[in-house]
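**Student:** Contents of work02.csv (CSV, C-alpha atoms and all ligand atoms) are given next:
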chain,number,residue,atom,x,y,z
A,255,MET,CA,0.0,0.0,0.0
A,256,VAL,CA,1.4,3.4,-1.0
A,257,PRO,CA,1.1,5.9,1.9
A,258,HIS,CA,-0.5,9.1,0.8
A,259,SER,CA,-1.9,12.3,1.9
A,260,SER,CA,-3.8,15.1,0.2
A,261,GLY,CA,-4.0,18.9,0.1
A,262,ASN,CA,-1.4,20.6,2.2
A,263,VAL,CA,2.0,20.9,0.7
A,264,ALA,CA,3.5,20.4,4.2
A,265,ARG,CA,2.3,16.9,4.1
A,266,LEU,CA,4.9,15.9,1.5
A,267,ARG,CA,7.3,14.5,4.1
A,268,LEU,CA,10.6,14.2,2.3
A,269,LYS,CA,12.8,13.3,5.2
A,270,ARG,CA,13.4,9.7,5.8
A,271,THR,CA,10.1,8.7,4.3
A,272,PRO,CA,10.8,7.8,0.7
A,273,HIS,CA,7.8,7.2,-1.6
A,274,THR,CA,5.4,9.4,0.3
A,275,ILE,CA,2.7,10.6,-2.1
A,276,ALA,CA,1.0,14.0,-2.1
A,277,ARG,CA,-1.6,15.6,-4.3
A,278,TRP,CA,-2.3,19.2,-5.3
A,279,ARG,CA,-4.6,21.2,-7.5
A,280,GLY,CA,-7.5,18.8,-7.0
A,281,GLY,CA,-5.3,15.7,-7.7
A,282,ARG,CA,-4.1,17.0,-11.1
A,283,ILE,CA,-0.6,17.1,-9.7
A,284,VAL,CA,0.9,14.2,-7.8
A,285,GLY,CA,4.3,14.3,-6.2
A,286,MET,CA,6.3,11.4,-4.9
A,287,ALA,CA,9.5,11.8,-2.8
A,288,GLY,CA,11.9,9.4,-4.4
A,289,VAL,CA,15.0,7.9,-2.9
A,290,LEU,CA,17.2,10.8,-4.1
A,291,SER,CA,14.8,13.2,-5.9
A,292,ASN,CA,11.2,14.0,-6.4
A,293,LEU,CA,9.0,12.5,-9.1
A,294,TYR,CA,5.8,14.1,-10.3
A,295,LEU,CA,2.7,13.1,-12.3
A,296,ILE,CA,0.5,15.5,-14.3
A,297,ALA,CA,-3.0,13.9,-14.4
A,298,ASP,CA,-5.4,14.9,-17.1
A,299,GLU,CA,-8.7,13.2,-16.7
A,300,THR,CA,-9.8,13.7,-20.2
A,301,ARG,CA,-13.2,12.0,-20.0
A,302,LEU,CA,-15.1,9.7,-17.8
A,303,GLY,CA,-12.9,6.6,-17.1
A,304,ALA,CA,-9.9,7.8,-19.0
A,305,VAL,CA,-6.8,9.5,-17.7
A,306,ALA,CA,-3.7,10.8,-19.5
A,307,LEU,CA,-0.6,11.0,-17.3
A,308,GLY,CA,2.7,12.8,-17.8
A,309,VAL,CA,5.7,11.8,-15.7
A,310,ILE,CA,8.2,14.4,-14.7
A,311,ASP,CA,11.6,12.8,-13.9
A,312,THR,CA,12.0,9.2,-13.1
A,313,GLY,CA,14.2,9.0,-10.0
A,314,LEU,CA,15.7,5.5,-9.6
A,315,PRO,CA,14.2,2.2,-10.7
A,316,THR,CA,12.9,1.6,-7.1
A,317,ASP,CA,11.0,4.9,-7.3
A,318,ILE,CA,9.4,4.0,-10.7
A,319,ARG,CA,8.2,0.6,-9.4
A,320,ARG,CA,6.4,2.4,-6.5
A,321,LEU,CA,5.1,5.1,-8.9
A,322,ASP,CA,3.7,2.5,-11.3
A,323,GLU,CA,2.1,0.7,-8.4
A,324,PHE,CA,0.5,4.0,-7.2
A,325,ILE,CA,-0.8,4.7,-10.7
A,326,ARG,CA,-2.5,1.3,-11.0
A,327,THR,CA,-4.1,1.7,-7.6
A,328,GLU,CA,-5.1,5.4,-7.9
A,329,TRP,CA,-6.8,5.0,-11.3
A,330,ARG,CA,-7.9,1.4,-11.0
A,331,GLY,CA,-10.6,0.7,-13.5
A,332,CYS,CA,-9.7,3.7,-15.6
A,333,GLN,CA,-8.2,3.7,-19.1
A,334,ILE,CA,-4.7,4.9,-18.2
A,335,THR,CA,-2.4,6.3,-20.9
A,336,VAL,CA,1.0,7.6,-19.9
A,337,VAL,CA,1.5,10.1,-22.7
A,338,ALA,CA,5.0,11.4,-21.9
A,339,ILE,CA,7.9,10.7,-19.6
A,340,VAL,CA,9.8,14.0,-19.4
A,341,LEU,CA,13.4,14.2,-18.1
A,342,THR,CA,14.4,17.6,-16.9
A,343,HIS,CA,18.1,16.7,-17.3
A,344,LEU,CA,20.4,13.7,-17.6
A,345,HIS,CA,21.6,13.4,-14.0
A,346,PHE,CA,21.2,9.9,-12.7
A,347,ASP,CA,19.1,10.8,-9.7
A,348,HIS,CA,16.5,12.1,-12.1
A,349,VAL,CA,16.7,9.6,-14.9
A,350,GLY,CA,17.9,6.4,-13.4
A,351,GLY,CA,14.4,4.9,-13.7
A,352,ALA,CA,13.8,6.2,-17.2
A,353,MET,CA,14.3,2.9,-19.1
A,354,LEU,CA,12.1,1.0,-16.5
A,355,ALA,CA,9.4,3.7,-16.8
A,356,HIS,CA,9.5,3.5,-20.6
A,357,ASN,CA,9.1,-0.3,-20.5
A,358,LEU,CA,6.5,-0.5,-17.7
A,359,MET,CA,4.4,2.4,-18.9
A,360,SER,CA,4.8,2.0,-22.7
A,361,ALA,CA,5.4,5.7,-23.0
A,362,PRO,CA,7.8,7.9,-25.0
A,363,ILE,CA,10.8,9.5,-23.2
A,364,CYS,CA,11.1,13.2,-23.8
A,365,MET,CA,14.2,15.3,-23.2
A,366,SER,CA,15.7,18.5,-24.3
A,367,ARG,CA,17.1,18.8,-27.8
A,368,PRO,CA,20.5,19.8,-26.5
A,369,ALA,CA,20.7,16.5,-24.6
A,370,SER,CA,21.0,14.8,-28.0
A,371,ALA,CA,24.6,16.1,-28.2
A,372,LEU,CA,25.4,13.9,-25.2
A,373,PHE,CA,24.4,10.8,-27.2
A,374,THR,CA,26.3,11.7,-30.3
A,375,SER,CA,29.4,13.5,-29.3
A,376,ALA,CA,32.3,12.8,-27.0
A,377,SER,CA,30.9,15.1,-24.3
A,378,ALA,CA,29.9,13.6,-21.1
A,379,VAL,CA,27.1,14.7,-18.8
A,380,ALA,CA,28.5,17.5,-16.6
A,381,MET,CA,28.8,16.3,-13.1
A,382,PRO,CA,29.9,18.0,-9.9
A,383,SER,CA,33.5,18.3,-8.9
A,384,VAL,CA,34.6,16.6,-5.7
A,385,GLY,CA,34.3,19.9,-3.9
A,386,ASP,CA,30.8,20.5,-5.3
A,387,TRP,CA,29.8,17.0,-4.2
A,388,SER,CA,30.6,17.7,-0.6
A,389,ARG,CA,29.5,21.4,-0.5
A,390,GLU,CA,26.3,21.2,-2.6
A,391,ILE,CA,25.2,17.8,-3.6
A,392,LEU,CA,25.6,15.8,-0.4
A,393,PRO,CA,23.7,18.4,1.7
A,394,ILE,CA,20.8,18.3,-0.9
A,395,TRP,CA,20.6,14.5,-0.7
A,396,ALA,CA,20.9,14.7,3.1
A,397,LYS,CA,17.9,17.1,3.2
A,398,GLN,CA,16.0,15.0,0.8
A,399,GLY,CA,16.3,12.1,3.2
A,400,PHE,CA,19.5,10.6,1.9
A,401,GLY,CA,17.9,7.4,0.9
A,402,VAL,CA,20.4,4.7,0.0
A,403,PRO,CA,20.1,3.4,-3.5
A,404,ARG,CA,19.8,-0.4,-3.7
A,405,VAL,CA,22.3,-2.5,-5.7
A,406,TYR,CA,19.3,-3.0,-8.0
A,407,ASP,CA,19.1,0.8,-8.6
A,408,LEU,CA,22.7,1.2,-9.3
A,409,ARG,CA,22.8,-1.8,-11.7
A,410,HIS,CA,20.0,-0.3,-13.7
A,411,ALA,CA,20.9,3.3,-13.5
A,412,TRP,CA,24.6,3.3,-14.5
A,413,TYR,CA,23.9,4.5,-18.0
A,414,ALA,CA,23.2,8.2,-17.3
A,415,GLY,CA,24.7,11.0,-15.4
A,416,LEU,CA,28.0,9.4,-14.5
A,417,PRO,CA,31.2,11.1,-15.4
A,418,ARG,CA,32.7,10.1,-18.8
A,419,ILE,CA,29.9,7.7,-19.5
A,420,ARG,CA,27.6,8.8,-22.3
A,421,PRO,CA,23.9,8.1,-21.9
A,422,ARG,CA,24.0,5.9,-25.0
A,423,ASP,CA,21.8,3.3,-23.6
A,424,LEU,CA,19.1,5.7,-22.4
A,425,VAL,CA,16.4,4.5,-24.7
A,426,THR,CA,16.0,4.7,-28.4
A,427,ARG,CA,14.0,7.3,-30.3
A,428,PRO,CA,13.4,9.8,-27.6
A,429,ILE,CA,11.3,12.9,-28.4
A,430,TRP,CA,13.5,15.9,-28.4
A,431,LEU,CA,12.0,19.0,-26.9
A,432,ALA,CA,13.1,22.6,-27.7
A,433,ASP,CA,12.3,25.8,-25.8
A,434,GLY,CA,8.7,26.6,-26.3
A,435,ASP,CA,7.6,23.1,-27.4
A,436,GLY,CA,4.5,21.6,-26.0
A,437,VAL,CA,4.7,18.4,-24.0
A,438,PRO,CA,3.2,15.7,-26.2
A,439,GLY,CA,-0.3,14.7,-25.1
A,440,LEU,CA,-0.6,17.3,-22.4
A,441,ALA,CA,-2.4,20.5,-23.4
A,442,ASP,CA,-1.2,23.8,-21.8
A,443,TRP,CA,2.2,22.3,-20.7
A,444,THR,CA,5.3,23.7,-22.5
A,445,VAL,CA,9.1,23.5,-22.2
A,446,VAL,CA,11.4,26.2,-21.0
A,447,TYR,CA,15.0,25.6,-21.8
A,448,THR,CA,17.0,26.5,-18.7
A,449,PRO,CA,20.7,25.7,-19.1
A,450,GLY,CA,23.0,26.5,-16.3
A,451,HIS,CA,22.9,23.6,-13.8
A,452,THR,CA,23.5,21.4,-16.9
A,453,ILE,CA,23.6,22.3,-20.6
A,454,ASP,CA,20.5,20.1,-21.3
A,455,HIS,CA,18.2,21.3,-18.4
A,456,ILE,CA,14.6,22.1,-19.1
A,457,CYS,CA,11.7,23.1,-16.9
A,458,VAL,CA,8.1,22.4,-17.7
A,459,VAL,CA,5.5,25.1,-17.2
A,460,ASN,CA,1.7,25.6,-17.4
A,461,ARG,CA,1.4,29.3,-17.9
A,462,ARG,CA,-2.4,29.3,-17.7
A,463,ARG,CA,-2.4,27.7,-14.3
A,464,GLN,CA,1.0,29.2,-13.3
A,465,LEU,CA,2.5,25.8,-12.4
A,466,LEU,CA,6.2,25.0,-12.8
A,467,PHE,CA,8.2,21.8,-12.6
A,468,SER,CA,11.7,23.1,-12.0
A,469,GLY,CA,13.9,20.0,-11.9
A,470,ASP,CA,17.3,20.9,-10.5
A,471,PHE,CA,17.1,24.5,-11.7
A,472,ILE,CA,15.1,25.6,-8.6
A,473,LEU,CA,15.3,23.6,-5.4
A,474,ASN,CA,13.5,24.3,-2.1
A,475,PHE,CA,15.1,23.8,1.2
A,476,SER,CA,14.7,27.4,2.3
A,477,GLY,CA,10.9,27.5,2.1
A,478,HIS,CA,10.8,30.1,-0.7
A,479,GLY,CA,13.0,28.2,-3.2
A,480,GLU,CA,16.5,28.7,-4.3
A,481,PHE,CA,18.3,28.5,-7.6
A,482,ASN,CA,20.7,25.5,-7.6
A,483,GLN,CA,24.2,26.4,-6.6
A,484,PHE,CA,25.7,23.6,-8.7
A,485,VAL,CA,26.1,25.4,-12.0
A,486,THR,CA,28.2,24.3,-14.9
A,487,ASP,CA,27.6,27.4,-17.0
A,488,LYS,CA,27.2,30.7,-15.0
A,489,ALA,CA,26.3,32.9,-18.0
A,490,ALA,CA,23.7,30.5,-19.1
A,491,MET,CA,22.3,30.2,-15.6
A,492,ARG,CA,21.9,34.0,-15.3
A,493,ALA,CA,20.1,34.1,-18.7
A,494,SER,CA,17.9,31.2,-17.6
A,495,ILE,CA,17.0,32.8,-14.3
A,496,ARG,CA,15.9,36.0,-16.2
A,497,GLY,CA,13.8,33.9,-18.6
A,498,LEU,CA,12.2,31.8,-15.9
A,499,ARG,CA,11.2,34.8,-13.8
A,500,GLU,CA,9.1,35.9,-16.8
A,501,THR,CA,6.9,32.8,-16.5
A,502,GLN,CA,5.0,34.3,-13.6
A,503,ALA,CA,4.8,31.0,-11.9
A,504,ARG,CA,2.8,30.8,-8.6
A,505,PHE,CA,3.4,27.1,-7.8
A,506,VAL,CA,6.8,25.5,-8.1
A,507,PHE,CA,7.5,21.8,-7.9
A,508,PRO,CA,11.2,21.3,-7.5
A,509,GLY,CA,13.4,18.2,-8.1
A,510,HIS,CA,14.6,18.4,-4.5
A,511,GLY,CA,12.8,19.8,-1.5
A,512,ARG,CA,9.1,20.7,-1.0
A,513,PRO,CA,6.9,22.3,-3.5
A,514,PHE,CA,6.1,25.9,-2.7
A,515,ALA,CA,3.9,28.7,-3.8
A,516,GLY,CA,3.4,32.5,-3.8
A,517,VAL,CA,2.5,35.4,-6.0
A,518,ASN,CA,4.9,35.5,-8.9
A,519,VAL,CA,7.1,33.2,-7.0
A,520,GLY,CA,9.9,33.1,-9.5
A,521,GLN,CA,10.8,36.7,-8.5
A,522,ARG,CA,11.3,35.7,-4.9
A,523,VAL,CA,13.4,32.5,-5.5
A,524,THR,CA,16.8,33.1,-4.0
A,525,ASP,CA,19.4,33.9,-6.5
A,526,VAL,CA,22.7,32.9,-4.9
A,527,SER,CA,24.5,35.7,-6.6
A,528,GLN,CA,22.2,38.2,-5.0
A,529,SER,CA,21.0,38.8,-1.5
A,530,SER,CA,18.2,36.5,-0.2
A,531,PRO,CA,14.7,37.9,-0.6
A,532,LYS,CA,12.2,37.7,2.3
A,533,ASP,CA,9.7,35.0,2.2
A,534,THR,CA,6.5,37.0,2.4
A,535,GLY,CA,4.0,34.9,0.5
A,536,ASP,CA,1.8,31.9,1.0
A,537,THR,CA,3.8,28.7,0.6
A,538,ARG,CA,0.9,26.4,0.7
A,539,ILE,CA,-0.4,24.8,-2.5
A,540,SER,CA,-3.9,23.4,-2.5
B,601,ZN,ZN,21.1,17.6,-11.5
When written as structure tokens, how does the structure in this file appear?
Ligand SMILES: [Zn+2]
**Tutor:**
Amino acid sequence: MVPHSSGNVARLRLKRTPHTIARWRGGRIVGMAGVLSNLYLIADETRLGAVALGVIDTGLPTDIRRLDEFIRTEWRGCQITVVAIVLTHLHFDHVGGAMLAHNLMSAPICMSRPASALFTSASAVAMPSVGDWSREILPIWAKQGFGVPRVYDLRHAWYAGLPRIRPRDLVTRPIWLADGDGVPGLADWTVVYTPGHTIDHICVVNRRRQLLFSGDFILNFSGHGEFNQFVTDKAAMRASIRGLRETQARFVFPGHGRPFAGVNVGQRVTDVSQSSPKDTGDTRIS
């Protein structure tokens, strides 16, 4: 049985309780705290008895098994179609379960067009330096709950996001998404190209409802969100921050940390190169 709660963002307990499920926006957004990162579902109940689902990031294989179990329980009796599995970027804590998700859910994997270079060139996925690991990444995972990946996860997640290993085995025929593209099968959801943390990073936004899936671009351990401090391209990051603030998002669902909300929340996310803004808004999402 998958534990779950509803309504209040505060109920997404990320610490030491992997696989907690929470729902927002009348159940149209579902979040699951994975072992190392958050996974999300966009649920579009298109007509009676039918639901189209989008998956945002796939965590590790263990997470995908639990998410698949949840989907089957939650929409039992419905005609379920997973229309897209969107990867925000090719770091293994976000894409380790991608192949398993693709196979279990019979859905296409979508990733940013710049990620295609990582399949065809000699460039590896940018990963943190040893210093960054200790300063930035380990604390993030510690706050996330520092779940320990199983051998099973590592065996099945080696193909992406590791230094000097190209993600060549990460599925055939992905759908490449460019800035401004719609997410296949999900009306109102579009891609914002946000390089900086990595060259291939994308966020997924619903401008009409002011919702934003921010991957590793915005994290939230402060309560009002913060731009990721692990940056591989500072100039690109600055440009991405400017672009993202124009999306006018009110509700942010980060790859690590709790979802949060507020009026024009992107303006108040902490830019580490600037002083920290005050958290003056509502941080609940209902
Ligand atoms: Zn990352």
**Student:** Nearest residue to His348 in chain A out of A:Asp442, A:Asp454, A:Asp435, A:Asp470, using only C-alpha atoms?
**Tutor:**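 That would be A:Asp470, the residue with the smallest distance to His348 in chain A.
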**Student:** Could you list, as a ChimeraX atom specification, all the residues within 7 Å of ligand ZN 601 (chain B), counting only C-alpha atoms and all ligand atoms?
**Tutor:** /A:343,345,451,470
**Student:** Pick out the residues sitting within 6 Å of range 315-324 of chain A, and hand them over as a list in words; count only C-alpha atoms, and ignore anything fewer than 3 positions along from it in its own chain.
**Tutor:** Gly288, Thr327, Glu328, Gly351 and Asp407 of chain A
**Student:** Compile the contact shell of Val349 in chain A as an mmCIF file with C-alpha atoms, keeping the file's coordinate frame: residues with an atom at most 7 Å away, counting all atoms listed in the file, same-chain residues fewer than 6 positions apart removed.
**Tutor:**
data_model
loop_
_atom_site.group_PDB
_atom_site.id
_atom_site.type_symbol
_atom_site.label_atom_id
_atom_site.label_comp_id
_atom_site.auth_asym_id
_atom_site.auth_seq_id
_atom_site.Cartn_x
_atom_site.Cartn_y
_atom_site.Cartn_z
ATOM 1 C CA ASP A 311 11.600 12.800 -13.900
ATOM 2 C CA THR A 312 12.000 9.200 -13.100
ATOM 3 C CA GLY A 313 14.200 9.000 -10.000
ATOM 4 C CA LEU A 314 15.700 5.500 -9.600
ATOM 5 C CA LEU A 341 13.400 14.200 -18.100
#
**Student:** Restricting the calculation to all atoms listed in the file, which member of A:Val485, A:Leu440, A:Arg461, A:Phe471 is positioned closest to Gln502 in chain A?
**Tutor:** A:Arg461
**Student:** Counting all atoms listed in the file, which residue out of A:Asp347, A:Ile310, A:Met353, A:Gly479 sits closest to Val459 in chain A?
**Tutor:** A:Ile310
**Student:** So how far away is CA of Gly516 in chain A from CA of Arg504 in chain A, in Å?
**Tutor:**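 Those two atoms sit 5.1 Å apart.
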**Student:** Tell me which of A:Arg492, A:His356, A:Arg326, A:Arg427 sits closest to Ser370 in chain A, counting only C-alpha atoms.
**Tutor:** A:Arg427
**Student:** Work out how far CA of Thr486 in chain A is from CA of Ile296 in chain A, in Å to one decimal.
**Tutor:**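 CA of Thr486 in chain A lies at a distance of 29.1 Å from CA of Ile296 in chain A.
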**Student:** Could you please determine the separation between CA of Cys332 in chain A and CA of Gly350 in chain A in Å, to one decimal place?
**Tutor:** 27.8 Å
**Student:** Which residue out of A:Leu473, A:Ala432, A:Val446, A:Ala352 has the minimum interatomic distance to Asn460 in chain A when only C-alpha atoms are used?
**Tutor:**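 The closest residue to Asn460 in chain A is A:Val446.
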**Student:** Which residue, A:Ile325, A:Ala338, A:Val445, A:Leu466, has the smallest gap to Cys364 in chain A when you use only C-alpha atoms?
**Tutor:**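 Among A:Ile325, A:Ala338, A:Val445, A:Leu466, it is A:Ala338 that comes nearest to Cys364 in chain A.
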**Student:** Just want the 9 Å neighbourhood of Ala441 in chain A, counted on only C-alpha atoms, with same-chain residues fewer than 3 positions away dropped. Output as a VMD selection string.
**Tutor:** chain A and resid 298 436 to 438 444 460
**Student:** Give as a JSON list (two decimals) with C-alpha atoms, in the frame of the given file every residue, naming chains and numbers as the document does, that has an atom within 7 Å of (-1.7, 12.8, -18.7), counting all atoms listed in the file.
**Tutor:**
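That gives us out_36.json:
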[["chain", "number", "residue", "atom", "x", "y", "z"],
["A", 296, "ILE", "CA", 0.50, 15.50, -14.30],
["A", 297, "ALA", "CA", -3.00, 13.90, -14.40],
["A", 298, "ASP", "CA", -5.40, 14.90, -17.10],
["A", 305, "VAL", "CA", -6.80, 9.50, -17.70],
["A", 306, "ALA", "CA", -3.70, 10.80, -19.50],
["A", 307, "LEU", "CA", -0.60, 11.00, -17.30],
["A", 308, "GLY", "CA", 2.70, 12.80, -17.80],
["A", 335, "THR", "CA", -2.40, 6.30, -20.90],
["A", 336, "VAL", "CA", 1.00, 7.60, -19.90],
["A", 337, "VAL", "CA", 1.50, 10.10, -22.70],
["A", 439, "GLY", "CA", -0.30, 14.70, -25.10],
["A", 440, "LEU", "CA", -0.60, 17.30, -22.40]]
